[in-house]
Structure formats: structure tokens, C-alpha cells
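Remarks on the structure that follows.
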Amino acid sequence: VMLDGGGSSQCNLNGERVTSTRKVQNLILVYLRGKETKESGDGLKVCLDAGHDAKNYNASPDKTYYEHEFALDMSKRIAAILEAHGVEVTQTRKGGEEVSLTDRCNIANAVSGLDLFVSLHSNAAGESGWSSASGWEAYCYSLNGDGHAAAKAIMNRAKEVAKPRTTPIIANPKLTVLKGTKAPAVLIEHGFHTNKTDVANLKSADYRDKLAKAEAEAKAKAEAEAKAAAEAKAKAEARAAEESARLAAEEAMKVAEKEEVVVEEETSEVFSLG
């Protein structure tokens with residue numbers, strides 16, 4: 001918005017240009033508009049990464065469970081729920097095809113405005129055979145920021161279905177999919193495929209349904225809340241910028257008015273001397 005201080009500064013009279021000595025202030029105001037807001041769920045973008053693949057797989061000691069199959073099945077279940085909530089979902093793989101860790105990061109980074117990247121896995125302990133290690137846990141790049149906040153939100157819902165580890169959220173900045181993705185990222189280990197009890201749960205369709213529902217709803221809610229907080233901050237900053245511009249305009253107009261008074265007084269003196 002450009003505000004003209006007013007007053008005739010120049011004109012043409014009988015073909016001659018006449019310029020006034022009166023000072024006229026011009027003021028340009030720039031208003032900053034915050035980013036367009038997104039309603040809960042609507043417009044949110046999540047990338048689901050089904051860990052491993054048919055060529056790079058892990059299995060339970062008795063070979064009745066395969067991590068890549070579980071991860072893909074969970075990815076599809078979670079995607080269906082998220083899409084029903086209006087979330088735009090990208091999956092790094094939809095079958096048993098081989099996808100490198102770098103390609104998984106590239107797929108996520110190619111999504112403009114991606115809100116969250118989630119890699120789906122199951123854990124293992126020991127060299128071979130069954131182990132007593134069990135439980136749900138998640139990894140994030142660091143123990144602060146949006147990735148950690150998302151991990152906490154997901155864990156708070158997942159623990160209603162799965163038993164969390166003693167330390168359920170761990171920072172690991174060395175994991176490729178956590179350090180190589182631009183969006184906040186979480187890697188979930190849904191249990192140990194080297195633990196008999198965990199494997200029984202991980203193979204259960206009912207257990208997968210409940211876990212997928214809990215994690216999907218947590219993802220949607222966490223990202224909606226993060227969006228709302230960011231939008232509220234943007235609006236507050238826009239209001240502050242607008243108020244600052246308004247005050248600057250008022251101050252500029254006061255200066256212009258003072259200069260007009262000075263010019264008018266000087267003009268009066270010239271006329272009185274004449």
C-alpha cells in the first residue's frame with residue numbers, strides 16, 4: 001500500500017512546468033501475510049516407509065514371520081486410515097521391490113511440503129534364536145524438535161495396544177532415513193521378531209489393525225496440532241507486523257505534518273517581509 005502525503009507538488013500551467021517547494025511525504029507500507037492454514041487432516045502430507053524388502057529381509061527364528069511383509073502390510077493399513085482422515089499419503093514401496101535407503105529418502109524429499117516421514121520396522125536381538133528382549137520403541141534424529149514430538153505422540157497412542165520398551169524413544173542421528181529426510185522423521189520398531197510373544201502379536205491381523213489405527217490417528221493428530229501451532233505463530237507474527245506498520249505510518253504522518261507547519265510558517269514570513 002502506498003500512501004501519498006497529499007498536496008499539489010507539480011502541475012503544468014500554460015505549457016510550463018510549475019514545481020512546488022512544499023515537501024510531500026510518500027510512505028510505502030508492506031504487510032506480511034502468513035501461510036495459508038490447513039484444517040485438521042486436510043492438506044497434511046505423510047510418507048510411510050515399509051522397511052526392508054523381499055531381497056533384504058529379516059525373519060523370526062522359525063521363519064513364520066518376515067519383517068518386510070509386516071512392514072508393507074502395516075504401511076497399507078495405516079495409509080488407508082490416514083487417507084480416510086484427509087491426509088495425503090506417499091509410500092516408498094507398494095510391493096516386494098527393492099528400494100535402497102537413499103531412494104527412500106529421495107522419495108520423501110520429492111514430496112513438496114511433506115509433514116512427516118515414518119519408517120516401519122520390527123526389531124531383533126542376539127545373533128540367532130529367540131530372545132527375551134521385547135517391546136515397542138521409536139527412533140528420531142534428536143530428542144527435541146518435530147520428529148521427537150511426533151514420536152511421543154505416536155508412542156502415547158501405541159502403548160494402548162503394544163507394550164513400550166523401558167526407554168521407548170531413542171535418538172539416533174546416524175540412521176540414514178532419519179538424517180537423509182528433510183521432513184520430521186520417526187522410525188518405529190513395533191516389537192522384536194526374535195521374541196515369541198512379540199511375534200505372535202505381530203502376526204495377528206487383529207493386533208495389526210489396532211496398532212495401525214492407534215498409530216495412524218496419532219500421526220494425524222500430531223501433525224494437525226503442529227500445523228495449528230505453526231499457523232497460530234504465523235498469524236501472531238502477521239498481526240505484529242501489521243501493527244508495527246500502522247505505528248510507522250502514524251509516526252511518518254506526524255513527521256509530515258510537522259514539516260508542513262514549518263514550511264507554512266516560512267512561507268508566511270516571506271509574505272510578511274514582502
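Going by the C-alpha cells order, chains are called A, B, ..., each with residues numbered from 1, while ligands are numbered from 1 in the order shown.
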Worksheet item: Any idea what's packed within 12 Å of Lys196 (chain A), counting only C-alpha atoms, ignoring anything in its chain fewer than 4 positions away? Could you give it as a PyMOL selection string?
Response: chain A and resi 60-65+124+129-135+191-192+200-203
Just write the chosen residues, C-alpha atoms, as an mmCIF file, in the first residue's frame.
```cif
data_model
loop_
_atom_site.group_PDB
_atom_site.id
_atom_site.type_symbol
_atom_site.label_atom_id
_atom_site.label_comp_id
_atom_site.auth_asym_id
_atom_site.auth_seq_id
_atom_site.Cartn_x
_atom_site.Cartn_y
_atom_site.Cartn_z
ATOM 1 C CA SER A 60 11.780 -64.819 13.041
ATOM 2 C CA PRO A 61 13.950 -67.792 14.015
ATOM 3 C CA ASP A 62 11.194 -70.213 12.962
ATOM 4 C CA LYS A 63 10.688 -68.380 9.642
ATOM 5 C CA THR A 64 6.958 -67.900 10.255
ATOM 6 C CA TYR A 65 7.309 -64.117 10.306
ATOM 7 C CA ALA A 124 15.792 -58.101 16.606
ATOM 8 C CA GLY A 129 17.483 -67.860 18.014
ATOM 9 C CA TRP A 130 14.830 -66.494 20.321
ATOM 10 C CA SER A 131 15.459 -63.666 22.771
ATOM 11 C CA SER A 132 13.818 -62.231 25.873
ATOM 12 C CA ALA A 133 14.077 -58.649 24.507
ATOM 13 C CA SER A 134 10.637 -57.321 23.621
ATOM 14 C CA GLY A 135 8.537 -54.201 23.235
ATOM 15 C CA GLY A 191 8.311 -55.301 18.595
ATOM 16 C CA PHE A 192 11.008 -57.976 18.381
ATOM 17 C CA ALA A 200 2.587 -63.946 17.964
ATOM 18 C CA ASN A 201 1.229 -60.388 18.198
ATOM 19 C CA LEU A 202 2.966 -59.114 15.056
ATOM 20 C CA LYS A 203 1.468 -61.991 13.036
#
```
Discussion item. Give me the residues near Ala54 (chain A) as a ChimeraX atom specification, where near means some atom within 9 Å (using only C-alpha atoms) and where sequence neighbours in that chain fewer than 5 positions away do not count.
Written reply: /A:68-69,95-98
Can you write just those residues out, N, CA and C atoms, as an mmCIF file, in the first residue's frame?
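The result, stored in selection_35.cif:
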```
data_model
loop_
_atom_site.group_PDB
_atom_site.id
_atom_site.type_symbol
_atom_site.label_atom_id
_atom_site.label_comp_id
_atom_site.auth_asym_id
_atom_site.auth_seq_id
_atom_site.Cartn_x
_atom_site.Cartn_y
_atom_site.Cartn_z
ATOM 1 N N HIS A 68 9.749 -57.633 6.262
ATOM 2 C CA HIS A 68 9.341 -56.829 5.117
ATOM 3 C C HIS A 68 7.849 -56.983 4.805
ATOM 4 N N GLU A 69 7.313 -58.182 5.062
ATOM 5 C CA GLU A 69 5.880 -58.419 4.833
ATOM 6 C C GLU A 69 5.055 -57.644 5.853
ATOM 7 N N GLY A 95 5.096 -52.942 -2.912
ATOM 8 C CA GLY A 95 5.233 -54.369 -3.158
ATOM 9 C C GLY A 95 6.561 -54.848 -2.591
ATOM 10 N N GLY A 96 7.055 -55.962 -3.087
ATOM 11 C CA GLY A 96 8.303 -56.512 -2.569
ATOM 12 C C GLY A 96 9.534 -56.000 -3.264
ATOM 13 N N GLU A 97 9.360 -54.976 -4.129
ATOM 14 C CA GLU A 97 10.503 -54.464 -4.894
ATOM 15 C C GLU A 97 11.593 -53.916 -3.983
ATOM 16 N N GLU A 98 12.821 -53.981 -4.482
ATOM 17 C CA GLU A 98 13.969 -53.487 -3.719
ATOM 18 C C GLU A 98 14.031 -51.961 -3.803
#
```
Residue neighbourhood Tyr207 (chain A), 12 Å, only C-alpha atoms, exclusion window fewer than 2 positions, as a PDB file with C-alpha atoms, in the first residue's frame:
```
ATOM      1  CA  PHE A  70       4.774 -56.978   8.175  1.00  0.00           C
ATOM      2  CA  MET A  74       1.244 -52.011   8.228  1.00  0.00           C
ATOM      3  CA  ARG A  77      -3.273 -50.341   6.805  1.00  0.00           C
ATOM      4  CA  ALA A 158       0.629 -47.115  20.529  1.00  0.00           C
ATOM      5  CA  GLU A 160      -2.591 -48.610  24.421  1.00  0.00           C
ATOM      6  CA  VAL A 161      -2.007 -51.627  22.175  1.00  0.00           C
ATOM      7  CA  ALA A 162       1.680 -52.524  22.399  1.00  0.00           C
ATOM      8  CA  HIS A 190       6.902 -52.458  16.527  1.00  0.00           C
ATOM      9  CA  GLY A 191       8.311 -55.301  18.595  1.00  0.00           C
ATOM     10  CA  ASP A 198       6.005 -60.317  20.145  1.00  0.00           C
ATOM     11  CA  VAL A 199       5.972 -62.483  17.028  1.00  0.00           C
ATOM     12  CA  ALA A 200       2.587 -63.946  17.964  1.00  0.00           C
ATOM     13  CA  ASN A 201       1.229 -60.388  18.198  1.00  0.00           C
ATOM     14  CA  LEU A 202       2.966 -59.114  15.056  1.00  0.00           C
ATOM     15  CA  LYS A 203       1.468 -61.991  13.036  1.00  0.00           C
ATOM     16  CA  SER A 204      -2.067 -61.259  14.305  1.00  0.00           C
ATOM     17  CA  ALA A 205      -4.331 -59.369  11.873  1.00  0.00           C
ATOM     18  CA  ASP A 209      -5.460 -53.415  12.889  1.00  0.00           C
ATOM     19  CA  LYS A 210      -5.445 -51.999  16.413  1.00  0.00           C
ATOM     20  CA  LEU A 211      -1.823 -50.865  16.172  1.00  0.00           C
ATOM     21  CA  ALA A 212      -2.353 -49.289  12.750  1.00  0.00           C
ATOM     22  CA  LYS A 213      -5.421 -47.419  13.973  1.00  0.00           C
ATOM     23  CA  ALA A 214      -3.636 -46.112  17.064  1.00  0.00           C
TER      24      ALA A 214
END
```
Worksheet item: Using only C-alpha atoms, which residues sit within 12 Å of Ala110 (chain A) once same-chain residues fewer than 5 positions away are excluded, as a list in words?
Response: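 Result of the neighbour search: Lys45, Cys47, Thr90, Thr92, Asp103, Arg104, Cys105, Phe117, Thr181, Lys182 and Ala183 of chain A.
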Worksheet entry | alpha helix (DSSP H) per DSSP on the backbone: members of region 102-248 of chain A, as number ranges by chain | A: 102-109, 146-158, 176-179, 196-202, 205-248
Worksheet item: Between A:Glu189, A:Glu88, A:Glu137, A:Glu67, which is the closest to Ser119 (chain A) once you count only C-alpha atoms?
Response: A:Glu189
Practice prompt. Would you mind reading off the distance between CA of Asp73 (chain A) and CA of Glu217 (chain A), one decimal, in Å?
Written response: 17.0 Å
Per-residue DSSP, region 110-139 of chain A, filtered to strand (DSSP E or B), as a PDB file with N, CA, C and O atoms, in the first residue's frame:
```
ATOM      1  N   LEU A 116       5.539 -35.302   7.591  1.00  0.00           N
ATOM      2  CA  LEU A 116       6.115 -36.345   8.451  1.00  0.00           C
ATOM      3  C   LEU A 116       6.526 -37.559   7.634  1.00  0.00           C
ATOM      4  O   LEU A 116       5.832 -37.971   6.708  1.00  0.00           O
ATOM      5  N   PHE A 117       7.683 -38.125   7.989  1.00  0.00           N
ATOM      6  CA  PHE A 117       8.178 -39.363   7.387  1.00  0.00           C
ATOM      7  C   PHE A 117       8.213 -40.418   8.489  1.00  0.00           C
ATOM      8  O   PHE A 117       8.767 -40.176   9.567  1.00  0.00           O
ATOM      9  N   VAL A 118       7.612 -41.594   8.234  1.00  0.00           N
ATOM     10  CA  VAL A 118       7.580 -42.662   9.237  1.00  0.00           C
ATOM     11  C   VAL A 118       8.053 -43.966   8.603  1.00  0.00           C
ATOM     12  O   VAL A 118       7.476 -44.445   7.624  1.00  0.00           O
ATOM     13  N   SER A 119       9.115 -44.535   9.155  1.00  0.00           N
ATOM     14  CA  SER A 119       9.661 -45.796   8.675  1.00  0.00           C
ATOM     15  C   SER A 119       9.189 -46.921   9.592  1.00  0.00           C
ATOM     16  O   SER A 119       9.325 -46.831  10.824  1.00  0.00           O
ATOM     17  N   LEU A 120       8.644 -47.974   9.012  1.00  0.00           N
ATOM     18  CA  LEU A 120       8.005 -49.052   9.774  1.00  0.00           C
ATOM     19  C   LEU A 120       8.874 -50.313   9.788  1.00  0.00           C
ATOM     20  O   LEU A 120       9.273 -50.809   8.735  1.00  0.00           O
ATOM     21  N   HIS A 121       9.133 -50.836  10.991  1.00  0.00           N
ATOM     22  CA  HIS A 121      10.036 -51.976  11.151  1.00  0.00           C
ATOM     23  C   HIS A 121       9.600 -52.866  12.320  1.00  0.00           C
ATOM     24  O   HIS A 121       8.673 -52.545  13.066  1.00  0.00           O
ATOM     25  N   SER A 122      10.329 -53.974  12.477  1.00  0.00           N
ATOM     26  CA  SER A 122      10.298 -54.761  13.714  1.00  0.00           C
ATOM     27  C   SER A 122      11.751 -54.997  14.093  1.00  0.00           C
ATOM     28  O   SER A 122      12.645 -54.921  13.254  1.00  0.00           O
ATOM     29  N   ASN A 123      11.986 -55.259  15.359  1.00  0.00           N
ATOM     30  CA  ASN A 123      13.335 -55.288  15.916  1.00  0.00           C
ATOM     31  C   ASN A 123      13.890 -56.715  16.025  1.00  0.00           C
ATOM     32  O   ASN A 123      13.174 -57.692  15.817  1.00  0.00           O
ATOM     33  N   TRP A 136       7.794 -52.231  22.084  1.00  0.00           N
ATOM     34  CA  TRP A 136       7.686 -51.202  21.035  1.00  0.00           C
ATOM     35  C   TRP A 136       8.661 -50.062  21.354  1.00  0.00           C
ATOM     36  O   TRP A 136       8.800 -49.652  22.502  1.00  0.00           O
ATOM     37  N   GLU A 137       9.316 -49.540  20.343  1.00  0.00           N
ATOM     38  CA  GLU A 137      10.159 -48.367  20.536  1.00  0.00           C
ATOM     39  C   GLU A 137      10.259 -47.585  19.235  1.00  0.00           C
ATOM     40  O   GLU A 137       9.947 -48.087  18.150  1.00  0.00           O
ATOM     41  N   ALA A 138      10.688 -46.333  19.349  1.00  0.00           N
ATOM     42  CA  ALA A 138      10.806 -45.466  18.178  1.00  0.00           C
ATOM     43  C   ALA A 138      12.131 -44.717  18.216  1.00  0.00           C
ATOM     44  O   ALA A 138      12.676 -44.435  19.296  1.00  0.00           O
ATOM     45  N   TYR A 139      12.631 -44.397  17.027  1.00  0.00           N
ATOM     46  CA  TYR A 139      13.867 -43.633  16.896  1.00  0.00           C
ATOM     47  C   TYR A 139      13.570 -42.314  16.186  1.00  0.00           C
ATOM     48  O   TYR A 139      12.723 -42.247  15.287  1.00  0.00           O
TER      49      TYR A 139
END
```
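Proximity ranking of A:Leu44, A:Ala71, A:Val87, A:Val177 relative to Asn106 (chain A) places A:Val177 first, based on only C-alpha atoms.
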Fill in: Atomic distance CA of Lys159 (chain A) - CA of Asp53 (chain A), expressed in Å with one decimal
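We find that CA of Lys159 (chain A) and CA of Asp53 (chain A) lie 26.7 Å from each other.
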Discussion item. Please list as a list in words every residue within 8 Å of Val89 (chain A), counting only C-alpha atoms and excluding residues in the same chain fewer than 5 positions away.
Written reply: Lys45, Val46, Cys47, Leu48, Ala79, Leu82 and Glu83 of chain A
Export of the given selection (N, CA, C and O atoms) as a PDB file, in the first residue's frame:
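Printed below is out-v4.pdb as written:
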```
ATOM      1  N   LYS A  45       0.518 -34.044   4.788  1.00  0.00           N
ATOM      2  CA  LYS A  45       1.211 -34.992   3.932  1.00  0.00           C
ATOM      3  C   LYS A  45       2.131 -35.882   4.770  1.00  0.00           C
ATOM      4  O   LYS A  45       2.948 -35.373   5.529  1.00  0.00           O
ATOM      5  N   VAL A  46       1.991 -37.186   4.616  1.00  0.00           N
ATOM      6  CA  VAL A  46       2.795 -38.159   5.368  1.00  0.00           C
ATOM      7  C   VAL A  46       3.391 -39.171   4.392  1.00  0.00           C
ATOM      8  O   VAL A  46       2.726 -39.625   3.465  1.00  0.00           O
ATOM      9  N   CYS A  47       4.656 -39.494   4.607  1.00  0.00           N
ATOM     10  CA  CYS A  47       5.311 -40.532   3.813  1.00  0.00           C
ATOM     11  C   CYS A  47       5.533 -41.754   4.694  1.00  0.00           C
ATOM     12  O   CYS A  47       6.163 -41.658   5.754  1.00  0.00           O
ATOM     13  N   LEU A  48       5.000 -42.900   4.271  1.00  0.00           N
ATOM     14  CA  LEU A  48       5.163 -44.149   5.009  1.00  0.00           C
ATOM     15  C   LEU A  48       6.206 -45.012   4.316  1.00  0.00           C
ATOM     16  O   LEU A  48       6.122 -45.263   3.117  1.00  0.00           O
ATOM     17  N   ALA A  79      -1.952 -46.282   5.849  1.00  0.00           N
ATOM     18  CA  ALA A  79      -2.258 -45.378   4.736  1.00  0.00           C
ATOM     19  C   ALA A  79      -3.768 -45.256   4.537  1.00  0.00           C
ATOM     20  O   ALA A  79      -4.293 -44.152   4.332  1.00  0.00           O
ATOM     21  N   LEU A  82      -5.176 -43.047   7.332  1.00  0.00           N
ATOM     22  CA  LEU A  82      -4.777 -41.647   7.168  1.00  0.00           C
ATOM     23  C   LEU A  82      -5.536 -40.992   6.015  1.00  0.00           C
ATOM     24  O   LEU A  82      -6.004 -39.853   6.130  1.00  0.00           O
ATOM     25  N   GLU A  83      -5.662 -41.694   4.905  1.00  0.00           N
ATOM     26  CA  GLU A  83      -6.376 -41.143   3.752  1.00  0.00           C
ATOM     27  C   GLU A  83      -7.839 -40.902   4.069  1.00  0.00           C
ATOM     28  O   GLU A  83      -8.448 -39.943   3.568  1.00  0.00           O
TER      29      GLU A  83
END
```
